[in-house]
>>> print(open('input-v1.pdb').read())   # PDB, C-alpha atoms and all ligand atoms
ATOM      1  CA  MET A 454     108.073 195.670 118.452
ATOM      2  CA  GLY A 455     108.995 194.054 115.100
ATOM      3  CA  LYS A 456     108.572 190.433 114.019
ATOM      4  CA  LYS A 457     111.492 188.087 114.784
ATOM      5  CA  VAL A 458     113.758 187.705 111.728
ATOM      6  CA  SER A 459     114.319 184.075 110.657
ATOM      7  CA  PRO A 460     116.812 183.699 107.772
ATOM      8  CA  ALA A 461     115.822 180.000 107.451
ATOM      9  CA  LYS A 462     112.184 180.943 106.808
ATOM     10  CA  ASP A 463     113.337 183.728 104.452
ATOM     11  CA  PHE A 464     115.293 181.078 102.529
ATOM     12  CA  VAL A 465     112.297 178.749 102.026
ATOM     13  CA  ALA A 466     109.765 181.519 101.330
ATOM     14  CA  GLY A 467     112.217 183.251  98.947
ATOM     15  CA  GLY A 468     112.549 180.023  96.920
ATOM     16  CA  ALA A 469     108.757 179.819  96.573
ATOM     17  CA  GLY A 470     108.724 183.471  95.503
ATOM     18  CA  GLY A 471     111.348 182.716  92.852
ATOM     19  CA  VAL A 472     109.253 179.960  91.251
ATOM     20  CA  CYS A 473     106.249 182.325  91.037
ATOM     21  CA  LEU A 474     108.460 185.032  89.522
ATOM     22  CA  VAL A 475     109.834 182.828  86.706
ATOM     23  CA  PHE A 476     106.393 181.737  85.502
ATOM     24  CA  ALA A 477     105.076 185.281  85.516
ATOM     25  CA  GLY A 478     108.143 186.983  84.039
ATOM     26  CA  GLN A 479     109.921 184.731  81.527
ATOM     27  CA  PRO A 480     108.202 185.878  78.267
ATOM     28  CA  LEU A 481     109.165 189.513  78.776
ATOM     29  CA  ASP A 482     112.661 188.557  79.889
ATOM     30  CA  THR A 483     113.190 186.756  76.568
ATOM     31  CA  ILE A 484     112.024 189.851  74.656
ATOM     32  CA  LYS A 485     114.330 192.049  76.734
ATOM     33  CA  VAL A 486     117.439 189.984  75.965
ATOM     34  CA  ARG A 487     116.550 189.768  72.242
ATOM     35  CA  LEU A 488     116.121 193.549  72.014
ATOM     36  CA  GLN A 489     119.308 194.212  73.956
ATOM     37  CA  THR A 490     121.463 191.945  71.820
ATOM     38  CA  MET A 491     119.998 192.286  68.308
ATOM     39  CA  PRO A 492     122.636 193.165  65.687
ATOM     40  CA  LYS A 493     123.070 196.811  64.706
ATOM     41  CA  PRO A 494     121.272 197.323  61.344
ATOM     42  CA  ALA A 495     123.404 198.161  58.315
ATOM     43  CA  PRO A 496     122.851 201.722  56.945
ATOM     44  CA  GLY A 497     119.483 201.908  55.175
ATOM     45  CA  GLN A 498     118.242 198.604  56.672
ATOM     46  CA  SER A 499     115.540 198.409  59.318
ATOM     47  CA  PRO A 500     116.330 196.821  62.694
ATOM     48  CA  LEU A 501     115.496 193.148  63.302
ATOM     49  CA  TYR A 502     112.833 194.166  65.855
ATOM     50  CA  LYS A 503     111.087 197.544  65.872
ATOM     51  CA  GLY A 504     110.202 197.287  69.556
ATOM     52  CA  THR A 505     108.694 195.136  72.289
ATOM     53  CA  TRP A 506     105.462 194.249  70.484
ATOM     54  CA  ASP A 507     107.218 193.553  67.166
ATOM     55  CA  CYS A 508     109.723 191.283  68.918
ATOM     56  CA  ALA A 509     106.906 189.413  70.719
ATOM     57  CA  MET A 510     104.925 188.954  67.485
ATOM     58  CA  LYS A 511     107.944 187.806  65.434
ATOM     59  CA  THR A 512     108.948 185.366  68.164
ATOM     60  CA  VAL A 513     105.427 183.879  68.497
ATOM     61  CA  ASN A 514     104.907 183.687  64.701
ATOM     62  CA  LYS A 515     108.245 181.985  64.069
ATOM     63  CA  GLU A 516     108.694 179.851  67.176
ATOM     64  CA  GLY A 517     105.205 179.564  68.687
ATOM     65  CA  PHE A 518     104.136 180.780  72.139
ATOM     66  CA  LEU A 519     106.727 178.520  73.787
ATOM     67  CA  GLY A 520     109.453 180.525  72.007
ATOM     68  CA  LEU A 521     108.829 183.165  74.685
ATOM     69  CA  TYR A 522     109.608 180.538  77.326
ATOM     70  CA  LYS A 523     112.879 179.557  75.655
ATOM     71  CA  GLY A 524     115.762 179.044  78.065
ATOM     72  CA  MET A 525     113.354 178.691  81.020
ATOM     73  CA  ALA A 526     114.864 175.474  82.407
ATOM     74  CA  ALA A 527     118.020 177.364  83.411
ATOM     75  CA  PRO A 528     116.254 180.221  85.247
ATOM     76  CA  LEU A 529     113.826 177.826  86.927
ATOM     77  CA  ALA A 530     116.673 175.644  88.167
ATOM     78  CA  GLY A 531     118.679 178.772  88.972
ATOM     79  CA  VAL A 532     116.059 181.327  90.038
ATOM     80  CA  ALA A 533     114.295 179.354  92.782
ATOM     81  CA  PRO A 534     117.603 178.689  94.610
ATOM     82  CA  MET A 535     118.782 182.186  93.692
ATOM     83  CA  PHE A 536     115.758 183.831  95.315
ATOM     84  CA  ALA A 537     116.099 181.469  98.276
ATOM     85  CA  ILE A 538     119.728 182.650  98.680
ATOM     86  CA  CYS A 539     118.750 186.265  97.998
ATOM     87  CA  PHE A 540     116.074 186.312 100.722
ATOM     88  CA  LEU A 541     118.454 184.392 103.034
ATOM     89  CA  GLY A 542     121.035 187.158 102.436
ATOM     90  CA  PHE A 543     118.340 189.741 103.184
ATOM     91  CA  GLY A 544     117.442 187.902 106.405
ATOM     92  CA  ILE A 545     121.109 187.726 107.443
ATOM     93  CA  GLY A 546     121.625 191.396 106.477
ATOM     94  CA  LYS A 547     118.670 192.376 108.690
ATOM     95  CA  LYS A 548     119.796 190.192 111.608
ATOM     96  CA  LEU A 549     123.337 191.603 111.500
ATOM     97  CA  GLN A 550     121.949 195.101 112.058
ATOM     98  CA  GLN A 551     119.633 194.227 114.943
ATOM     99  CA  LYS A 552     120.775 194.533 118.542
ATOM    100  CA  HIS A 553     117.690 192.626 119.756
ATOM    101  CA  PRO A 554     115.651 189.997 117.834
ATOM    102  CA  HIS A 555     112.518 192.168 117.662
ATOM    103  CA  ASP A 556     114.184 195.497 116.709
ATOM    104  CA  ASN A 557     112.541 197.401 113.843
ATOM    105  CA  LEU A 558     114.876 198.479 111.038
ATOM    106  CA  THR A 559     115.141 201.866 109.338
ATOM    107  CA  TYR A 560     114.811 202.174 105.545
ATOM    108  CA  ALA A 561     118.591 202.753 105.286
ATOM    109  CA  GLN A 562     119.084 199.468 107.158
ATOM    110  CA  PHE A 563     116.693 197.670 104.781
ATOM    111  CA  PHE A 564     118.757 199.092 101.900
ATOM    112  CA  LYS A 565     121.987 197.723 103.419
ATOM    113  CA  ALA A 566     120.377 194.329 104.099
ATOM    114  CA  GLY A 567     119.294 194.335 100.441
ATOM    115  CA  MET A 568     122.880 194.986  99.349
ATOM    116  CA  VAL A 569     123.988 191.934 101.366
ATOM    117  CA  ALA A 570     121.294 189.994  99.494
ATOM    118  CA  GLY A 571     122.767 191.297  96.198
ATOM    119  CA  VAL A 572     126.209 189.897  97.023
ATOM    120  CA  PHE A 573     124.769 186.506  98.042
ATOM    121  CA  THR A 574     122.674 186.398  94.866
ATOM    122  CA  THR A 575     125.469 187.185  92.434
ATOM    123  CA  LEU A 576     127.586 184.280  93.616
ATOM    124  CA  ILE A 577     125.085 181.754  92.338
ATOM    125  CA  MET A 578     123.438 183.877  89.671
ATOM    126  CA  ALA A 579     126.341 184.864  87.425
ATOM    127  CA  PRO A 580     126.773 181.494  85.597
ATOM    128  CA  GLY A 581     122.994 181.047  85.203
ATOM    129  CA  GLU A 582     122.718 184.549  83.718
ATOM    130  CA  ARG A 583     125.464 183.851  81.177
ATOM    131  CA  ILE A 584     123.856 180.574  80.070
ATOM    132  CA  LYS A 585     120.363 182.097  79.973
ATOM    133  CA  CYS A 586     121.461 185.037  77.794
ATOM    134  CA  LEU A 587     123.308 182.769  75.337
ATOM    135  CA  LEU A 588     120.277 180.458  75.005
ATOM    136  CA  GLN A 589     117.810 183.315  74.669
ATOM    137  CA  ILE A 590     119.582 184.888  71.694
ATOM    138  CA  GLN A 591     120.263 181.752  69.678
ATOM    139  CA  ALA A 592     117.957 181.218  66.713
ATOM    140  CA  ASP A 593     116.359 177.825  65.991
ATOM    141  CA  GLY A 594     117.707 175.800  63.068
ATOM    142  CA  PRO A 595     120.547 173.540  61.997
ATOM    143  CA  THR A 596     123.206 176.067  63.047
ATOM    144  CA  LYS A 597     121.955 176.080  66.653
ATOM    145  CA  LYS A 598     125.070 175.949  68.834
ATOM    146  CA  TYR A 599     123.730 174.862  72.219
ATOM    147  CA  ALA A 600     121.304 171.952  72.793
ATOM    148  CA  GLY A 601     120.308 173.241  76.247
ATOM    149  CA  PRO A 602     121.650 174.698  79.501
ATOM    150  CA  VAL A 603     123.830 171.709  80.423
ATOM    151  CA  ASP A 604     125.315 171.509  76.927
ATOM    152  CA  CYS A 605     125.917 175.273  77.014
ATOM    153  CA  ALA A 606     127.711 175.011  80.388
ATOM    154  CA  LYS A 607     129.843 172.112  79.073
ATOM    155  CA  GLN A 608     130.814 173.975  75.897
ATOM    156  CA  LEU A 609     131.700 177.137  77.842
ATOM    157  CA  TYR A 610     133.831 175.077  80.217
ATOM    158  CA  ARG A 611     135.590 173.332  77.309
ATOM    159  CA  GLU A 612     136.253 176.647  75.557
ATOM    160  CA  GLY A 613     137.456 178.745  78.508
ATOM    161  CA  GLY A 614     137.244 176.793  81.773
ATOM    162  CA  ILE A 615     135.439 178.041  84.879
ATOM    163  CA  ARG A 616     136.396 181.653  84.046
ATOM    164  CA  SER A 617     134.257 181.461  80.940
ATOM    165  CA  ILE A 618     131.235 180.186  82.895
ATOM    166  CA  TYR A 619     131.672 183.011  85.415
ATOM    167  CA  ARG A 620     132.249 185.698  82.767
ATOM    168  CA  GLY A 621     130.258 188.801  83.745
ATOM    169  CA  THR A 622     130.366 188.313  87.539
ATOM    170  CA  GLY A 623     131.685 191.871  88.096
ATOM    171  CA  ALA A 624     128.924 193.253  85.902
ATOM    172  CA  THR A 625     126.323 191.172  87.757
ATOM    173  CA  LEU A 626     127.585 192.585  91.089
ATOM    174  CA  LEU A 627     127.440 196.120  89.682
ATOM    175  CA  ARG A 628     123.849 195.474  88.683
ATOM    176  CA  ASP A 629     122.532 193.582  91.684
ATOM    177  CA  VAL A 630     124.133 195.097  94.799
ATOM    178  CA  PRO A 631     122.580 198.597  94.530
ATOM    179  CA  ALA A 632     119.461 197.273  92.787
ATOM    180  CA  SER A 633     118.743 194.738  95.546
ATOM    181  CA  GLY A 634     119.143 197.476  98.147
ATOM    182  CA  MET A 635     116.535 199.471  96.268
ATOM    183  CA  TYR A 636     114.295 196.412  95.839
ATOM    184  CA  PHE A 637     113.926 195.542  99.508
ATOM    185  CA  MET A 638     113.864 199.142 100.732
ATOM    186  CA  ALA A 639     111.108 200.030  98.237
ATOM    187  CA  TYR A 640     109.100 196.931  99.210
ATOM    188  CA  GLU A 641     109.257 197.676 102.927
ATOM    189  CA  PHE A 642     108.502 201.368 102.332
ATOM    190  CA  LEU A 643     105.459 200.615 100.167
ATOM    191  CA  GLN A 644     104.125 197.941 102.526
ATOM    192  CA  HIS A 645     104.385 200.547 105.275
ATOM    193  CA  VAL A 646     102.724 203.448 103.433
ATOM    194  CA  LEU A 647      99.969 201.230 101.991
ATOM    195  CA  THR A 648      99.020 199.755 105.376
ATOM    196  CA  PRO A 649      95.878 201.561 106.531
ATOM    197  CA  ALA A 650      95.937 203.240 109.941
ATOM    198  CA  GLY A 651      94.893 200.775 112.608
ATOM    199  CA  SER A 652      96.104 197.672 110.690
ATOM    200  CA  SER A 653      99.458 195.987 111.077
ATOM    201  CA  ARG A 654     102.089 195.590 108.333
ATOM    202  CA  ASP A 655     102.179 191.898 109.345
ATOM    203  CA  ASP A 656      98.511 191.217 108.517
ATOM    204  CA  MET A 657      98.900 190.016 104.971
ATOM    205  CA  SER A 658      96.846 191.790 102.326
ATOM    206  CA  VAL A 659      97.028 190.323  98.812
ATOM    207  CA  ALA A 660      96.380 193.652  97.054
ATOM    208  CA  ARG A 661      98.974 195.498  99.136
ATOM    209  CA  THR A 662     101.576 192.764  98.646
ATOM    210  CA  LEU A 663     101.011 192.683  94.870
ATOM    211  CA  THR A 664     101.267 196.479  94.636
ATOM    212  CA  ALA A 665     104.348 196.788  96.870
ATOM    213  CA  GLY A 666     106.047 193.818  95.166
ATOM    214  CA  GLY A 667     105.291 195.091  91.661
ATOM    215  CA  PHE A 668     106.631 198.592  92.321
ATOM    216  CA  ALA A 669     109.662 197.212  94.212
ATOM    217  CA  GLY A 670     110.504 195.221  91.071
ATOM    218  CA  MET A 671     110.285 198.380  88.965
ATOM    219  CA  ALA A 672     112.488 200.287  91.451
ATOM    220  CA  ASN A 673     115.027 197.455  91.249
ATOM    221  CA  TRP A 674     115.190 197.680  87.476
ATOM    222  CA  ALA A 675     115.298 201.487  87.336
ATOM    223  CA  VAL A 676     118.722 201.116  88.991
ATOM    224  CA  ALA A 677     119.708 197.865  87.270
ATOM    225  CA  ILE A 678     119.033 198.500  83.568
ATOM    226  CA  PRO A 679     122.259 200.293  82.501
ATOM    227  CA  PRO A 680     124.587 197.681  84.056
ATOM    228  CA  ASP A 681     122.237 194.960  82.757
ATOM    229  CA  VAL A 682     122.656 196.157  79.152
ATOM    230  CA  LEU A 683     126.450 196.082  79.556
ATOM    231  CA  LYS A 684     126.259 192.668  81.203
ATOM    232  CA  SER A 685     124.057 191.101  78.497
ATOM    233  CA  ARG A 686     126.369 192.372  75.738
ATOM    234  CA  TYR A 687     129.493 191.219  77.533
ATOM    235  CA  GLN A 688     128.135 187.790  78.400
ATOM    236  CA  THR A 689     126.985 187.068  74.843
ATOM    237  CA  ALA A 690     130.055 188.459  73.018
ATOM    238  CA  PRO A 691     132.621 186.129  71.400
ATOM    239  CA  HIS A 692     135.580 185.322  73.625
ATOM    240  CA  GLY A 693     138.264 188.061  73.489
ATOM    241  CA  LYS A 694     136.027 190.757  71.980
ATOM    242  CA  TYR A 695     136.139 192.927  75.112
ATOM    243  CA  PRO A 696     139.558 192.364  76.784
ATOM    244  CA  ASN A 697     138.893 195.038  79.464
ATOM    245  CA  GLY A 698     135.474 193.703  80.352
ATOM    246  CA  ILE A 699     132.381 195.892  80.584
ATOM    247  CA  ARG A 700     134.506 199.074  80.395
ATOM    248  CA  ASP A 701     135.129 198.176  76.744
ATOM    249  CA  VAL A 702     131.428 197.441  76.206
ATOM    250  CA  PHE A 703     130.560 200.822  77.725
ATOM    251  CA  ARG A 704     133.053 202.706  75.505
ATOM    252  CA  GLU A 705     131.831 200.921  72.369
ATOM    253  CA  LEU A 706     128.197 201.579  73.250
ATOM    254  CA  MET A 707     128.794 205.306  73.848
ATOM    255  CA  ARG A 708     130.821 205.625  70.637
ATOM    256  CA  GLU A 709     128.416 203.764  68.357
ATOM    257  CA  GLU A 710     124.939 204.093  69.854
ATOM    258  CA  GLY A 711     124.933 206.856  72.474
ATOM    259  CA  ILE A 712     123.649 207.086  76.026
ATOM    260  CA  PHE A 713     120.083 205.959  75.249
ATOM    261  CA  ALA A 714     121.375 202.502  74.323
ATOM    262  CA  LEU A 715     121.940 202.006  78.075
ATOM    263  CA  TYR A 716     118.160 201.921  78.420
ATOM    264  CA  ARG A 717     117.576 199.515  75.539
ATOM    265  CA  GLY A 718     114.946 196.955  76.539
ATOM    266  CA  VAL A 719     113.462 199.215  79.239
ATOM    267  CA  THR A 720     109.856 198.617  78.081
ATOM    268  CA  PRO A 721     109.841 194.805  78.358
ATOM    269  CA  VAL A 722     111.908 195.030  81.543
ATOM    270  CA  MET A 723     109.335 197.246  83.239
ATOM    271  CA  LEU A 724     106.374 195.356  81.759
ATOM    272  CA  ARG A 725     107.830 192.132  83.199
ATOM    273  CA  ALA A 726     109.041 193.652  86.479
ATOM    274  CA  PHE A 727     105.610 194.506  87.858
ATOM    275  CA  PRO A 728     103.769 191.170  87.453
ATOM    276  CA  ALA A 729     106.875 189.043  88.052
ATOM    277  CA  ASN A 730     107.773 190.714  91.328
ATOM    278  CA  ALA A 731     104.166 191.067  92.419
ATOM    279  CA  ALA A 732     103.909 187.254  91.971
ATOM    280  CA  CYS A 733     107.261 186.786  93.728
ATOM    281  CA  PHE A 734     106.352 188.723  96.868
ATOM    282  CA  LEU A 735     102.911 187.127  96.990
ATOM    283  CA  GLY A 736     104.581 183.677  96.841
ATOM    284  CA  TYR A 737     107.075 184.819  99.491
ATOM    285  CA  GLU A 738     104.534 186.310 101.901
ATOM    286  CA  SER A 739     102.074 183.389 101.528
ATOM    287  CA  THR A 740     104.818 180.835 102.210
ATOM    288  CA  MET A 741     106.074 182.923 105.133
ATOM    289  CA  LYS A 742     102.568 182.993 106.595
ATOM    290  CA  LEU A 743     102.366 179.210 106.276
ATOM    291  CA  LEU A 744     105.810 178.766 107.874
ATOM    292  CA  ASN A 745     104.908 181.108 110.747
ATOM    293  CA  TRP A 746     101.761 179.066 111.337
ATOM    294  CA  MET A 747     103.695 175.767 111.227
ATOM    295  CA  PHE A 748     106.686 176.946 113.285
ATOM    296  CA  PRO A 749     105.495 179.897 115.371
ATOM    297  CA  ASP A 750     108.513 179.932 117.684
ATOM    298  CA  GLU A 751     111.309 179.746 115.097
TER     299      GLU A 751
HETATM  300  C1  LIG B 801     118.057 191.087  88.413
HETATM  301  C2  LIG B 801     117.108 190.407  89.283
HETATM  302  O1  LIG B 801     117.083 189.214  89.423
HETATM  303  O2  LIG B 801     116.292 191.217  89.933
HETATM  304  C3  LIG B 801     115.358 190.658  90.845
HETATM  305  C4  LIG B 801     113.994 191.092  90.390
HETATM  306  C5  LIG B 801     113.598 190.597  89.049
HETATM  307  O3  LIG B 801     112.813 191.295  88.410
HETATM  308  O4  LIG B 801     114.036 189.504  88.641
HETATM  309  C6  LIG B 801     115.612 191.213  92.221
HETATM  310  N1  LIG B 801     116.803 190.712  92.938
HETATM  311  C7  LIG B 801     118.048 191.121  92.318
HETATM  312  C8  LIG B 801     116.752 191.286  94.278
HETATM  313  C9  LIG B 801     116.779 189.253  93.078
END
>>> encode(input="input-v1.pdb", output="structure tokens")
Amino acid sequence: MGKKVSPAKDFVAGGAGGVCLVFAGQPLDTIKVRLQTMPKPAPGQSPLYKGTWDCAMKTVNKEGFLGLYKGMAAPLAGVAPMFAICFLGFGIGKKLQQKHPHDNLTYAQFFKAGMVAGVFTTLIMAPGERIKCLLQIQADGPTKKYAGPVDCAKQLYREGGIRSIYRGTGATLLRDVPASGMYFMAYEFLQHVLTPAGSSRDDMSVARTLTAGGFAGMANWAVAIPPDVLKSRYQTAPHGKYPNGIRDVFRELMREEGIFALYRGVTPVMLRAFPANAACFLGYESTMKLLNWMFPDE
């Protein structure tokens, strides 16, 4: 018999997981966006950043360690509620597939519940992603366009209304629906295979949760990176540059940089994915344990 699914507890524990994830993952997320959006070097010139380490060093030397945490206010304000909504969507997705409250789910059902979570997430994530990407790529100095997330949202609204703030929603769906399915299915699978015979999946083990969470994050990104590259380019491009959306970004990328450009930024993404999602699932499971202790019957 499985544990009773409670979307309300998933919501609260998911929010706690999101806070843990931002603190653990923001530096590598900044490096990822900078690598993905750096300008193409002119013939004979070397690229702005040679790779992950070079980008990290240049950022720290020029902007200090906090440069790596640039644009964090937006994800923190957006990611905690986003993960709360994401885990709520996962809880609802699981509940919808159960005939009885204690039914166990198959891995295919976990995948589908994860896809529901991906739809829920995108609705609140798309504007935050656009603002975060624009703030992460702007250089310090007198020409700085946006003073912060609120100013960025206001300017986008002034320039193109709500459509501008939501630019990239289709691309975010393309990234997060299959990736979230993979995320939750991989987590449940790994928790299951790592649970020693004789113990229960529900007895929390910190090492197992960190391992399952870390690899689930990597599985998520293995699916999400190509649409993420298209999304980052589209969301940071000047208005009108890609009239047909990410299809135009894809064509341009294939023409000018080839298929491997779809995996640009893979190193910082994977380096961030493991610790960030290990921290996220540990925050989630610990909060869930606390909630189950406080409200055992819910
Ligand atoms: C794109 C994203 O937010 O992925 C999440 C994991 C991560 O590394 O941030 C997973 N999920 C989309 C399920 C929220």
>>> residues_near_ligand(input="input-v1.pdb", ligand="ligand LIG 801 (chain B)", cutoff="6 Å", atoms="only C-alpha atoms and all ligand atoms", output="PyMOL selection string")
chain A and resi 536+629+633+636+670+726+730
>>> resolve_selection(input="input-v1.pdb", expression="the PyMOL selection byres (((chain A and resi 600-607) around 10) and not hetatm)", output="tab-separated table (two decimals) with C-alpha atoms, in the coordinates of the input")
chain	number	residue	atom	x	y	z
A	523	LYS	CA	112.88	179.56	75.66
A	524	GLY	CA	115.76	179.04	78.06
A	525	MET	CA	113.35	178.69	81.02
A	526	ALA	CA	114.86	175.47	82.41
A	527	ALA	CA	118.02	177.36	83.41
A	528	PRO	CA	116.25	180.22	85.25
A	580	PRO	CA	126.77	181.49	85.60
A	581	GLY	CA	122.99	181.05	85.20
A	583	ARG	CA	125.46	183.85	81.18
A	584	ILE	CA	123.86	180.57	80.07
A	585	LYS	CA	120.36	182.10	79.97
A	587	LEU	CA	123.31	182.77	75.34
A	588	LEU	CA	120.28	180.46	75.00
A	597	LYS	CA	121.96	176.08	66.65
A	598	LYS	CA	125.07	175.95	68.83
A	599	TYR	CA	123.73	174.86	72.22
A	608	GLN	CA	130.81	173.98	75.90
A	609	LEU	CA	131.70	177.14	77.84
A	610	TYR	CA	133.83	175.08	80.22
A	611	ARG	CA	135.59	173.33	77.31
A	612	GLU	CA	136.25	176.65	75.56
A	614	GLY	CA	137.24	176.79	81.77
A	615	ILE	CA	135.44	178.04	84.88
A	617	SER	CA	134.26	181.46	80.94
A	618	ILE	CA	131.24	180.19	82.90
>>> atom_distance(input="input-v1.pdb", atom1="atom CA of A:Pro595", atom2="atom CA of A:Cys508")
21.9 Å
>>> resolve_selection(input="input-v1.pdb", expression="the PyMOL selection byres (((chain A and resi 672) around 8) and not hetatm)", output="PDB file with C-alpha atoms, in the coordinates of the input")
ATOM      1  CA  ALA A 632     119.461 197.273  92.787  1.00  0.00           C
ATOM      2  CA  MET A 635     116.535 199.471  96.268  1.00  0.00           C
ATOM      3  CA  TYR A 636     114.295 196.412  95.839  1.00  0.00           C
ATOM      4  CA  ALA A 639     111.108 200.030  98.237  1.00  0.00           C
ATOM      5  CA  PHE A 668     106.631 198.592  92.321  1.00  0.00           C
ATOM      6  CA  ALA A 669     109.662 197.212  94.212  1.00  0.00           C
ATOM      7  CA  GLY A 670     110.504 195.221  91.071  1.00  0.00           C
ATOM      8  CA  MET A 671     110.285 198.380  88.965  1.00  0.00           C
ATOM      9  CA  ASN A 673     115.027 197.455  91.249  1.00  0.00           C
ATOM     10  CA  TRP A 674     115.190 197.680  87.476  1.00  0.00           C
ATOM     11  CA  ALA A 675     115.298 201.487  87.336  1.00  0.00           C
ATOM     12  CA  VAL A 676     118.722 201.116  88.991  1.00  0.00           C
TER      13      VAL A 676
END
>>> residues_around(input="input-v1.pdb", residues="stretch 713-722 of chain A", least_positions_apart="2", cutoff="8 Å", atoms="all atoms listed in the file", output="list in words")
Leu481, Asp482, Ile484, Lys485, Val486, Leu488, Gln489, Thr505, Trp674, Ile678, Pro679, Pro680, Val682, Leu683, Leu706, Met707, Glu710, Gly711, Leu724, Arg725 and Ala726 of chain A
>>> atom_distance(input="input-v1.pdb", atom1="atom CA of A:Met657", atom2="atom CA of A:Thr574")
26.1 Å
>>> closest_residue(input="input-v1.pdb", among="A:Leu529, A:Ala592, A:Ile577, A:Leu627", to="A:Arg487", atoms="only C-alpha atoms")
A:Ala592
>>> residues_around(input="input-v1.pdb", residues="A:Met535", least_positions_apart="5", cutoff="12 Å", atoms="only C-alpha atoms", output="PDB file with C-alpha atoms, in the coordinates of the input")
ATOM      1  CA  PHE A 464     115.293 181.078 102.529  1.00  0.00           C
ATOM      2  CA  VAL A 465     112.297 178.749 102.026  1.00  0.00           C
ATOM      3  CA  ALA A 466     109.765 181.519 101.330  1.00  0.00           C
ATOM      4  CA  GLY A 467     112.217 183.251  98.947  1.00  0.00           C
ATOM      5  CA  GLY A 468     112.549 180.023  96.920  1.00  0.00           C
ATOM      6  CA  ALA A 469     108.757 179.819  96.573  1.00  0.00           C
ATOM      7  CA  GLY A 470     108.724 183.471  95.503  1.00  0.00           C
ATOM      8  CA  GLY A 471     111.348 182.716  92.852  1.00  0.00           C
ATOM      9  CA  VAL A 472     109.253 179.960  91.251  1.00  0.00           C
ATOM     10  CA  LEU A 474     108.460 185.032  89.522  1.00  0.00           C
ATOM     11  CA  VAL A 475     109.834 182.828  86.706  1.00  0.00           C
ATOM     12  CA  ALA A 527     118.020 177.364  83.411  1.00  0.00           C
ATOM     13  CA  PRO A 528     116.254 180.221  85.247  1.00  0.00           C
ATOM     14  CA  LEU A 529     113.826 177.826  86.927  1.00  0.00           C
ATOM     15  CA  ALA A 530     116.673 175.644  88.167  1.00  0.00           C
ATOM     16  CA  PHE A 540     116.074 186.312 100.722  1.00  0.00           C
ATOM     17  CA  LEU A 541     118.454 184.392 103.034  1.00  0.00           C
ATOM     18  CA  GLY A 542     121.035 187.158 102.436  1.00  0.00           C
ATOM     19  CA  ALA A 570     121.294 189.994  99.494  1.00  0.00           C
ATOM     20  CA  GLY A 571     122.767 191.297  96.198  1.00  0.00           C
ATOM     21  CA  VAL A 572     126.209 189.897  97.023  1.00  0.00           C
ATOM     22  CA  PHE A 573     124.769 186.506  98.042  1.00  0.00           C
ATOM     23  CA  THR A 574     122.674 186.398  94.866  1.00  0.00           C
ATOM     24  CA  THR A 575     125.469 187.185  92.434  1.00  0.00           C
ATOM     25  CA  LEU A 576     127.586 184.280  93.616  1.00  0.00           C
ATOM     26  CA  ILE A 577     125.085 181.754  92.338  1.00  0.00           C
ATOM     27  CA  MET A 578     123.438 183.877  89.671  1.00  0.00           C
ATOM     28  CA  ALA A 579     126.341 184.864  87.425  1.00  0.00           C
ATOM     29  CA  PRO A 580     126.773 181.494  85.597  1.00  0.00           C
ATOM     30  CA  GLY A 581     122.994 181.047  85.203  1.00  0.00           C
ATOM     31  CA  GLU A 582     122.718 184.549  83.718  1.00  0.00           C
TER      32      GLU A 582
END
>>> resolve_selection(input="input-v1.pdb", expression="the PyMOL selection byres (((chain A and resi 558) around 12) and not hetatm)", output="PyMOL selection string")
chain A and resi 454-458+544+546-557+559-566+637-638+641-642
>>> closest_residue(input="input-v1.pdb", among="A:Ile538, A:Pro749, A:Ser685, A:Tyr695", to="A:Gln589", atoms="all atoms listed in the file")
A:Ser685
>>> closest_residue(input="input-v1.pdb", among="A:Phe748, A:Tyr687, A:Phe734, A:Phe476", to="A:Leu521", atoms="all atoms listed in the file")
A:Phe476
>>> atom_distance(input="input-v1.pdb", atom1="atom CA of A:Pro691", atom2="atom CA of A:Val630")
26.5 Å
>>> decode(input="input-v1.pdb", residues="stretch 694-712 of chain A", atoms="C-alpha atoms", output="tab-separated table (two decimals), in the first residue's frame")
chain	number	residue	atom	x	y	z
A	694	LYS	CA	14.19	39.64	-34.53
A	695	TYR	CA	12.47	36.24	-34.70
A	696	PRO	CA	8.93	36.81	-36.10
A	697	ASN	CA	8.17	33.05	-36.21
A	698	GLY	CA	9.35	32.42	-32.68
A	699	ILE	CA	11.76	29.64	-31.75
A	700	ARG	CA	11.42	28.06	-35.23
A	701	ASP	CA	13.40	31.04	-36.53
A	702	VAL	CA	15.94	30.70	-33.72
A	703	PHE	CA	16.34	27.01	-34.56
A	704	ARG	CA	16.86	27.69	-38.30
A	705	GLU	CA	19.40	30.44	-37.58
A	706	LEU	CA	21.27	28.26	-35.10
A	707	MET	CA	21.49	25.32	-37.54
A	708	ARG	CA	22.59	27.59	-40.39
A	709	GLU	CA	25.25	29.52	-38.47
A	710	GLU	CA	26.49	27.27	-35.66
A	711	GLY	CA	25.37	23.69	-36.31
A	712	ILE	CA	23.70	21.05	-34.18
